[in-house]
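One structure is given here, and the rest of the page talks about it.
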Amino acid sequence: MSNGSDSQPSGFTRHGNNDYVVEFSESEKEVLINLVEQIIELLGERSDNNSDDPLAAMVGITSHDSPPDDEVLLRLLPNAYADQVDASEFRRYTELTLRAKKSAHAMSMRMDLKSSPDGQIEVDHESANAWLGAMNDIRLALGVRLKVQVNSHEELEILAPDDPMRGVYAVYSWLGWLQESLIQALMDDAL
């Protein structure tokens, strides 16, 4: 995947003191919007809007104490403890907040993508961190669906050139590169 009209993709670059710029082609934007919308939808599942306890609802305590059935959601919202009782109790107190934070990151990324008609996106430091979180969640979800392991690059190499999975692996790799470019831009800012 490449950016705009440049022959070499540049990823995120620092712009000024606390801003970061990236440029996407229309197809790259569409891929990112599609993936981030899937994350938003996935995180919206199993909401706990029917709490009988108004105080619990107000402070974010959920009645859900079991891990999600979906393997992607389980990766995005893992158990915090090996002990099932401790994990269940911790989940009740933290899952709603974690879902809300992950959803906010994804919605921020989606809004930036949708509000950029030319594909150039500029984010401030706070938005850059939201992008990092959202891209990480997208990569985790893709990694689960692709069953990515340490040796997955070897599996990619033996796929036929016309295998549709090559494209999915390419998107997964591209997202990793994009994430790395944003981390590097943030690190450049800190130096």
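The way I read the labels, and the way they are meant: chains A, B, ... in the order of the structure tokens, residue 1 as the first residue of every chain, and ligand 1 as the first ligand shown, with later ones counted on from there.
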
May I have the residues within 9 Å of Arg110 (chain A) as number ranges by chain, using only C-alpha atoms and disregarding those fewer than 5 positions away in the same chain? A: 32-33, 36-37, 105, 115

Those residues you just picked out, can you put them in a file as a compact mmCIF listing (two decimals), in the first residue's frame with C-alpha atoms?
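File part-v8.txt, as written:
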# COMPACT_ATOMS: atom_id res chain seq x y z
CA LEU A 32 -9.29 1.63 7.41
CA ILE A 33 -12.87 2.90 7.74
CA VAL A 36 -12.48 0.49 12.37
CA GLU A 37 -16.26 0.27 11.90
CA HIS A 105 -10.36 5.44 20.19
CA SER A 115 -13.68 14.09 7.71

Under the rule of at most 10 Å, produce a per-residue listing of region 12-114 of chain A near region 133-139 of chain A: chain, number, name, the closest pair of atoms, and the distance in Å, as JSON lines, using only C-alpha atoms.
{"residue": "A:Leu32", "atom": "CA", "partner": "A:Met135", "partner_atom": "CA", "distance": 9.0}
{"residue": "A:Leu35", "atom": "CA", "partner": "A:Ile138", "partner_atom": "CA", "distance": 6.7}
{"residue": "A:Val36", "atom": "CA", "partner": "A:Ile138", "partner_atom": "CA", "distance": 6.8}
{"residue": "A:Glu37", "atom": "CA", "partner": "A:Ile138", "partner_atom": "CA", "distance": 9.9}
{"residue": "A:Gln38", "atom": "CA", "partner": "A:Ile138", "partner_atom": "CA", "distance": 8.7}
{"residue": "A:Ile39", "atom": "CA", "partner": "A:Ile138", "partner_atom": "CA", "distance": 6.7}
{"residue": "A:Ile40", "atom": "CA", "partner": "A:Ala134", "partner_atom": "CA", "distance": 9.6}
{"residue": "A:Val72", "atom": "CA", "partner": "A:Asp137", "partner_atom": "CA", "distance": 9.5}
{"residue": "A:Leu73", "atom": "CA", "partner": "A:Asp137", "partner_atom": "CA", "distance": 9.8}
{"residue": "A:Arg75", "atom": "CA", "partner": "A:Asp137", "partner_atom": "CA", "distance": 9.0}
{"residue": "A:Leu76", "atom": "CA", "partner": "A:Asp137", "partner_atom": "CA", "distance": 6.6}
{"residue": "A:Lys101", "atom": "CA", "partner": "A:Gly133", "partner_atom": "CA", "distance": 9.1}
{"residue": "A:Lys102", "atom": "CA", "partner": "A:Ala134", "partner_atom": "CA", "distance": 6.8}
{"residue": "A:Ser103", "atom": "CA", "partner": "A:Ala134", "partner_atom": "CA", "distance": 8.2}
{"residue": "A:Ala104", "atom": "CA", "partner": "A:Ala134", "partner_atom": "CA", "distance": 8.7}
{"residue": "A:His105", "atom": "CA", "partner": "A:Ala134", "partner_atom": "CA", "distance": 5.4}
{"residue": "A:Ala106", "atom": "CA", "partner": "A:Ala134", "partner_atom": "CA", "distance": 4.9}
{"residue": "A:Met107", "atom": "CA", "partner": "A:Ala134", "partner_atom": "CA", "distance": 8.6}
{"residue": "A:Ser108", "atom": "CA", "partner": "A:Ala134", "partner_atom": "CA", "distance": 8.6}
{"residue": "A:Met109", "atom": "CA", "partner": "A:Ala134", "partner_atom": "CA", "distance": 7.0}
{"residue": "A:Arg110", "atom": "CA", "partner": "A:Ala134", "partner_atom": "CA", "distance": 9.4}

Those same residues, written as a PDB file, in the first residue's frame with C-alpha atoms?
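Dumped everything to out01.pdb:
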ATOM      1  CA  LEU A  32      -9.289   1.629   7.412  1.00  0.00           C
ATOM      2  CA  LEU A  35     -11.932  -2.169   9.702  1.00  0.00           C
ATOM      3  CA  VAL A  36     -12.475   0.489  12.367  1.00  0.00           C
ATOM      4  CA  GLU A  37     -16.260   0.267  11.902  1.00  0.00           C
ATOM      5  CA  GLN A  38     -16.056  -3.492  12.457  1.00  0.00           C
ATOM      6  CA  ILE A  39     -14.198  -2.867  15.733  1.00  0.00           C
ATOM      7  CA  ILE A  40     -16.814  -0.309  16.830  1.00  0.00           C
ATOM      8  CA  VAL A  72     -11.671 -11.555  18.910  1.00  0.00           C
ATOM      9  CA  LEU A  73     -13.535  -9.893  21.775  1.00  0.00           C
ATOM     10  CA  ARG A  75      -8.439 -10.950  22.786  1.00  0.00           C
ATOM     11  CA  LEU A  76      -9.559  -7.313  23.013  1.00  0.00           C
ATOM     12  CA  LYS A 101     -12.188   3.598  25.926  1.00  0.00           C
ATOM     13  CA  LYS A 102     -11.551   1.262  22.988  1.00  0.00           C
ATOM     14  CA  SER A 103     -14.747   2.447  21.274  1.00  0.00           C
ATOM     15  CA  ALA A 104     -13.763   6.099  21.782  1.00  0.00           C
ATOM     16  CA  HIS A 105     -10.358   5.444  20.187  1.00  0.00           C
ATOM     17  CA  ALA A 106     -11.982   3.695  17.220  1.00  0.00           C
ATOM     18  CA  MET A 107     -14.608   6.431  16.798  1.00  0.00           C
ATOM     19  CA  SER A 108     -11.901   9.106  16.901  1.00  0.00           C
ATOM     20  CA  MET A 109      -9.989   7.322  14.146  1.00  0.00           C
ATOM     21  CA  ARG A 110     -13.187   6.862  12.111  1.00  0.00           C
TER      22      ARG A 110
END

For CA of Asp118 (chain A) and CA of Leu175 (chain A), determine how far apart the two atoms are, in Å to one decimal place.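 Computed distance, CA of Asp118 (chain A) to CA of Leu175 (chain A), equals 20.0 Å.
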
Counting only C-alpha atoms, what is within 10 Å of Leu146 (chain A), bar same-chain residues fewer than 6 positions away, as a ChimeraX atom specification? /A:140,152,165,168-169,172

Members of chain A assigned alpha helix (DSSP H) by DSSP, as a PDB file with C-alpha atoms, in the first residue's frame:
ATOM      1  CA  GLU A  26      -8.928   6.651  -1.224  1.00  0.00           C
ATOM      2  CA  SER A  27      -8.668   2.838  -1.139  1.00  0.00           C
ATOM      3  CA  GLU A  28      -6.505   2.934   2.008  1.00  0.00           C
ATOM      4  CA  LYS A  29      -9.072   5.180   3.691  1.00  0.00           C
ATOM      5  CA  GLU A  30     -11.864   2.795   2.718  1.00  0.00           C
ATOM      6  CA  VAL A  31      -9.989  -0.201   4.146  1.00  0.00           C
ATOM      7  CA  LEU A  32      -9.289   1.629   7.412  1.00  0.00           C
ATOM      8  CA  ILE A  33     -12.871   2.899   7.737  1.00  0.00           C
ATOM      9  CA  ASN A  34     -14.236  -0.601   7.112  1.00  0.00           C
ATOM     10  CA  LEU A  35     -11.932  -2.169   9.702  1.00  0.00           C
ATOM     11  CA  VAL A  36     -12.475   0.489  12.367  1.00  0.00           C
ATOM     12  CA  GLU A  37     -16.260   0.267  11.902  1.00  0.00           C
ATOM     13  CA  GLN A  38     -16.056  -3.492  12.457  1.00  0.00           C
ATOM     14  CA  ILE A  39     -14.198  -2.867  15.733  1.00  0.00           C
ATOM     15  CA  ILE A  40     -16.814  -0.309  16.830  1.00  0.00           C
ATOM     16  CA  GLU A  41     -19.599  -2.776  16.061  1.00  0.00           C
ATOM     17  CA  LEU A  42     -17.826  -5.636  17.821  1.00  0.00           C
ATOM     18  CA  LEU A  43     -17.178  -3.570  20.958  1.00  0.00           C
ATOM     19  CA  GLY A  44     -20.839  -2.488  20.993  1.00  0.00           C
ATOM     20  CA  PRO A  54     -28.487   2.717  39.069  1.00  0.00           C
ATOM     21  CA  LEU A  55     -25.323   3.242  41.128  1.00  0.00           C
ATOM     22  CA  ALA A  56     -23.634   0.264  39.446  1.00  0.00           C
ATOM     23  CA  ALA A  57     -24.636   1.627  36.047  1.00  0.00           C
ATOM     24  CA  MET A  58     -23.360   5.085  36.963  1.00  0.00           C
ATOM     25  CA  VAL A  59     -19.897   3.883  38.037  1.00  0.00           C
ATOM     26  CA  GLU A  71     -12.438 -15.054  20.225  1.00  0.00           C
ATOM     27  CA  VAL A  72     -11.671 -11.555  18.910  1.00  0.00           C
ATOM     28  CA  LEU A  73     -13.535  -9.893  21.775  1.00  0.00           C
ATOM     29  CA  LEU A  74     -11.755 -12.180  24.206  1.00  0.00           C
ATOM     30  CA  ARG A  75      -8.439 -10.950  22.786  1.00  0.00           C
ATOM     31  CA  LEU A  76      -9.559  -7.313  23.013  1.00  0.00           C
ATOM     32  CA  GLN A  84     -11.698 -17.533  37.195  1.00  0.00           C
ATOM     33  CA  VAL A  85     -13.308 -16.036  40.316  1.00  0.00           C
ATOM     34  CA  ASP A  86     -10.841 -13.141  40.418  1.00  0.00           C
ATOM     35  CA  ALA A  87     -11.097 -12.671  36.647  1.00  0.00           C
ATOM     36  CA  SER A  88     -14.903 -12.560  36.808  1.00  0.00           C
ATOM     37  CA  GLU A  89     -14.948 -10.016  39.611  1.00  0.00           C
ATOM     38  CA  PHE A  90     -12.352  -7.818  37.874  1.00  0.00           C
ATOM     39  CA  ARG A  91     -14.320  -8.005  34.604  1.00  0.00           C
ATOM     40  CA  ARG A  92     -17.490  -6.752  36.325  1.00  0.00           C
ATOM     41  CA  TYR A  93     -15.660  -3.604  37.442  1.00  0.00           C
ATOM     42  CA  THR A  94     -13.610  -2.864  34.337  1.00  0.00           C
ATOM     43  CA  GLU A  95     -15.211  -4.212  31.157  1.00  0.00           C
ATOM     44  CA  LEU A  96     -17.578  -1.305  30.491  1.00  0.00           C
ATOM     45  CA  THR A  97     -14.805   1.245  30.956  1.00  0.00           C
ATOM     46  CA  LEU A  98     -12.407  -0.699  28.748  1.00  0.00           C
ATOM     47  CA  ARG A  99     -15.049  -1.096  26.028  1.00  0.00           C
ATOM     48  CA  ALA A 100     -15.858   2.613  26.203  1.00  0.00           C
ATOM     49  CA  LYS A 101     -12.188   3.598  25.926  1.00  0.00           C
ATOM     50  CA  LYS A 102     -11.551   1.262  22.988  1.00  0.00           C
ATOM     51  CA  SER A 103     -14.747   2.447  21.274  1.00  0.00           C
ATOM     52  CA  ALA A 104     -13.763   6.099  21.782  1.00  0.00           C
ATOM     53  CA  HIS A 105     -10.358   5.444  20.187  1.00  0.00           C
ATOM     54  CA  ALA A 106     -11.982   3.695  17.220  1.00  0.00           C
ATOM     55  CA  MET A 107     -14.608   6.431  16.798  1.00  0.00           C
ATOM     56  CA  SER A 108     -11.901   9.106  16.901  1.00  0.00           C
ATOM     57  CA  MET A 109      -9.989   7.322  14.146  1.00  0.00           C
ATOM     58  CA  ARG A 110     -13.187   6.862  12.111  1.00  0.00           C
ATOM     59  CA  MET A 111     -14.102  10.544  12.473  1.00  0.00           C
ATOM     60  CA  ASP A 112     -10.625  11.653  11.353  1.00  0.00           C
ATOM     61  CA  LEU A 113     -10.800   9.354   8.313  1.00  0.00           C
ATOM     62  CA  LYS A 114     -14.349  10.353   7.343  1.00  0.00           C
ATOM     63  CA  HIS A 125      -0.929  14.227  20.522  1.00  0.00           C
ATOM     64  CA  GLU A 126      -4.155  12.997  22.156  1.00  0.00           C
ATOM     65  CA  SER A 127      -5.630  11.857  18.845  1.00  0.00           C
ATOM     66  CA  ALA A 128      -2.356  10.166  17.943  1.00  0.00           C
ATOM     67  CA  ASN A 129      -2.685   8.048  21.076  1.00  0.00           C
ATOM     68  CA  ALA A 130      -6.281   7.214  20.132  1.00  0.00           C
ATOM     69  CA  TRP A 131      -5.044   6.131  16.685  1.00  0.00           C
ATOM     70  CA  LEU A 132      -2.399   3.915  18.296  1.00  0.00           C
ATOM     71  CA  GLY A 133      -5.045   2.242  20.438  1.00  0.00           C
ATOM     72  CA  ALA A 134      -7.476   1.772  17.564  1.00  0.00           C
ATOM     73  CA  MET A 135      -4.811   0.437  15.166  1.00  0.00           C
ATOM     74  CA  ASN A 136      -3.624  -1.950  17.864  1.00  0.00           C
ATOM     75  CA  ASP A 137      -7.169  -3.250  18.352  1.00  0.00           C
ATOM     76  CA  ILE A 138      -7.630  -3.694  14.596  1.00  0.00           C
ATOM     77  CA  ARG A 139      -4.332  -5.604  14.375  1.00  0.00           C
ATOM     78  CA  LEU A 140      -5.282  -7.781  17.350  1.00  0.00           C
ATOM     79  CA  ALA A 141      -8.626  -8.587  15.716  1.00  0.00           C
ATOM     80  CA  LEU A 142      -6.999  -9.375  12.360  1.00  0.00           C
ATOM     81  CA  GLY A 143      -4.322 -11.406  14.111  1.00  0.00           C
ATOM     82  CA  VAL A 144      -6.953 -13.565  15.811  1.00  0.00           C
ATOM     83  CA  ARG A 145      -8.904 -14.067  12.577  1.00  0.00           C
ATOM     84  CA  LEU A 146      -5.698 -14.884  10.661  1.00  0.00           C
ATOM     85  CA  SER A 152       2.969 -16.765  10.114  1.00  0.00           C
ATOM     86  CA  HIS A 153       5.291 -14.974   7.677  1.00  0.00           C
ATOM     87  CA  GLU A 154       6.348 -18.442   6.450  1.00  0.00           C
ATOM     88  CA  GLU A 155       2.696 -19.339   5.791  1.00  0.00           C
ATOM     89  CA  LEU A 156       2.266 -16.105   3.844  1.00  0.00           C
ATOM     90  CA  GLU A 157       5.233 -16.934   1.632  1.00  0.00           C
ATOM     91  CA  PRO A 164      -7.272 -13.596  -1.129  1.00  0.00           C
ATOM     92  CA  MET A 165      -5.578 -14.191   2.224  1.00  0.00           C
ATOM     93  CA  ARG A 166      -2.422 -12.523   0.853  1.00  0.00           C
ATOM     94  CA  GLY A 167      -4.318  -9.235   0.826  1.00  0.00           C
ATOM     95  CA  VAL A 168      -5.490  -9.662   4.413  1.00  0.00           C
ATOM     96  CA  TYR A 169      -1.945 -10.446   5.542  1.00  0.00           C
ATOM     97  CA  ALA A 170      -0.755  -7.406   3.586  1.00  0.00           C
ATOM     98  CA  VAL A 171      -3.245  -5.178   5.410  1.00  0.00           C
ATOM     99  CA  TYR A 172      -2.144  -6.660   8.735  1.00  0.00           C
ATOM    100  CA  SER A 173       1.510  -5.935   7.908  1.00  0.00           C
ATOM    101  CA  TRP A 174       0.702  -2.459   6.582  1.00  0.00           C
ATOM    102  CA  LEU A 175      -1.119  -1.598   9.814  1.00  0.00           C
ATOM    103  CA  GLY A 176       1.949  -2.691  11.781  1.00  0.00           C
ATOM    104  CA  TRP A 177       4.132  -0.446   9.649  1.00  0.00           C
ATOM    105  CA  LEU A 178       1.666   2.445  10.021  1.00  0.00           C
ATOM    106  CA  GLN A 179       1.602   1.985  13.784  1.00  0.00           C
ATOM    107  CA  GLU A 180       5.393   1.941  13.871  1.00  0.00           C
ATOM    108  CA  SER A 181       5.558   5.171  11.862  1.00  0.00           C
ATOM    109  CA  LEU A 182       3.270   6.895  14.381  1.00  0.00           C
ATOM    110  CA  ILE A 183       5.293   5.584  17.324  1.00  0.00           C
ATOM    111  CA  GLN A 184       8.457   6.860  15.657  1.00  0.00           C
ATOM    112  CA  ALA A 185       6.882  10.280  15.061  1.00  0.00           C
ATOM    113  CA  LEU A 186       5.826  10.425  18.715  1.00  0.00           C
ATOM    114  CA  MET A 187       9.332   9.398  19.820  1.00  0.00           C
ATOM    115  CA  ASP A 188      10.874  12.049  17.570  1.00  0.00           C
ATOM    116  CA  ASP A 189       8.684  14.553  19.363  1.00  0.00           C
ATOM    117  CA  ALA A 190       9.976  13.397  22.749  1.00  0.00           C
TER     118      ALA A 190
END

Could you tell me how far CA of Val148 (chain A) sits from CA of Ser66 (chain A), in Å to one decimal place? 25.1 Å

What is the distance, in Å and to one decimal place, between CA of Gln149 (chain A) and CA of Asp163 (chain A)?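 So the answer is 19.1 Å.
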
Find the spatial neighbours of region 18-22 of chain A, counting only C-alpha atoms, within a cut-off of 6 Å - ignore same-chain residues fewer than 6 positions away - and output them as a list of chain:residue names. A:Gly11, A:Phe12, A:Gln120, A:Ile121, A:Glu122, A:Val123, A:Asp124, A:His125

Could you write out that same residue set with N, CA and C atoms as a PDB file, in the first residue's frame?
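For reference, selection.pdb as written:
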ATOM      1  N   GLY A  11       4.028   7.159   5.892  1.00  0.00           N
ATOM      2  CA  GLY A  11       3.415   6.954   7.191  1.00  0.00           C
ATOM      3  C   GLY A  11       3.227   8.279   7.899  1.00  0.00           C
ATOM      4  N   PHE A  12       3.140   8.227   9.204  1.00  0.00           N
ATOM      5  CA  PHE A  12       2.970   9.436  10.006  1.00  0.00           C
ATOM      6  C   PHE A  12       4.290  10.187  10.120  1.00  0.00           C
ATOM      7  N   GLN A 120      -5.560  13.458   3.547  1.00  0.00           N
ATOM      8  CA  GLN A 120      -4.528  13.949   4.461  1.00  0.00           C
ATOM      9  C   GLN A 120      -5.160  14.162   5.827  1.00  0.00           C
ATOM     10  N   ILE A 121      -4.537  13.558   6.817  1.00  0.00           N
ATOM     11  CA  ILE A 121      -5.066  13.620   8.176  1.00  0.00           C
ATOM     12  C   ILE A 121      -3.998  14.186   9.096  1.00  0.00           C
ATOM     13  N   GLU A 122      -4.420  15.146   9.912  1.00  0.00           N
ATOM     14  CA  GLU A 122      -3.519  15.721  10.903  1.00  0.00           C
ATOM     15  C   GLU A 122      -4.146  15.481  12.271  1.00  0.00           C
ATOM     16  N   VAL A 123      -3.372  14.893  13.169  1.00  0.00           N
ATOM     17  CA  VAL A 123      -3.860  14.611  14.511  1.00  0.00           C
ATOM     18  C   VAL A 123      -2.932  15.246  15.541  1.00  0.00           C
ATOM     19  N   ASP A 124      -3.528  15.627  16.674  1.00  0.00           N
ATOM     20  CA  ASP A 124      -2.713  16.144  17.773  1.00  0.00           C
ATOM     21  C   ASP A 124      -2.237  14.967  18.622  1.00  0.00           C
ATOM     22  N   HIS A 125      -1.526  15.271  19.690  1.00  0.00           N
ATOM     23  CA  HIS A 125      -0.929  14.227  20.522  1.00  0.00           C
ATOM     24  C   HIS A 125      -1.988  13.283  21.091  1.00  0.00           C
TER      25      HIS A 125
END
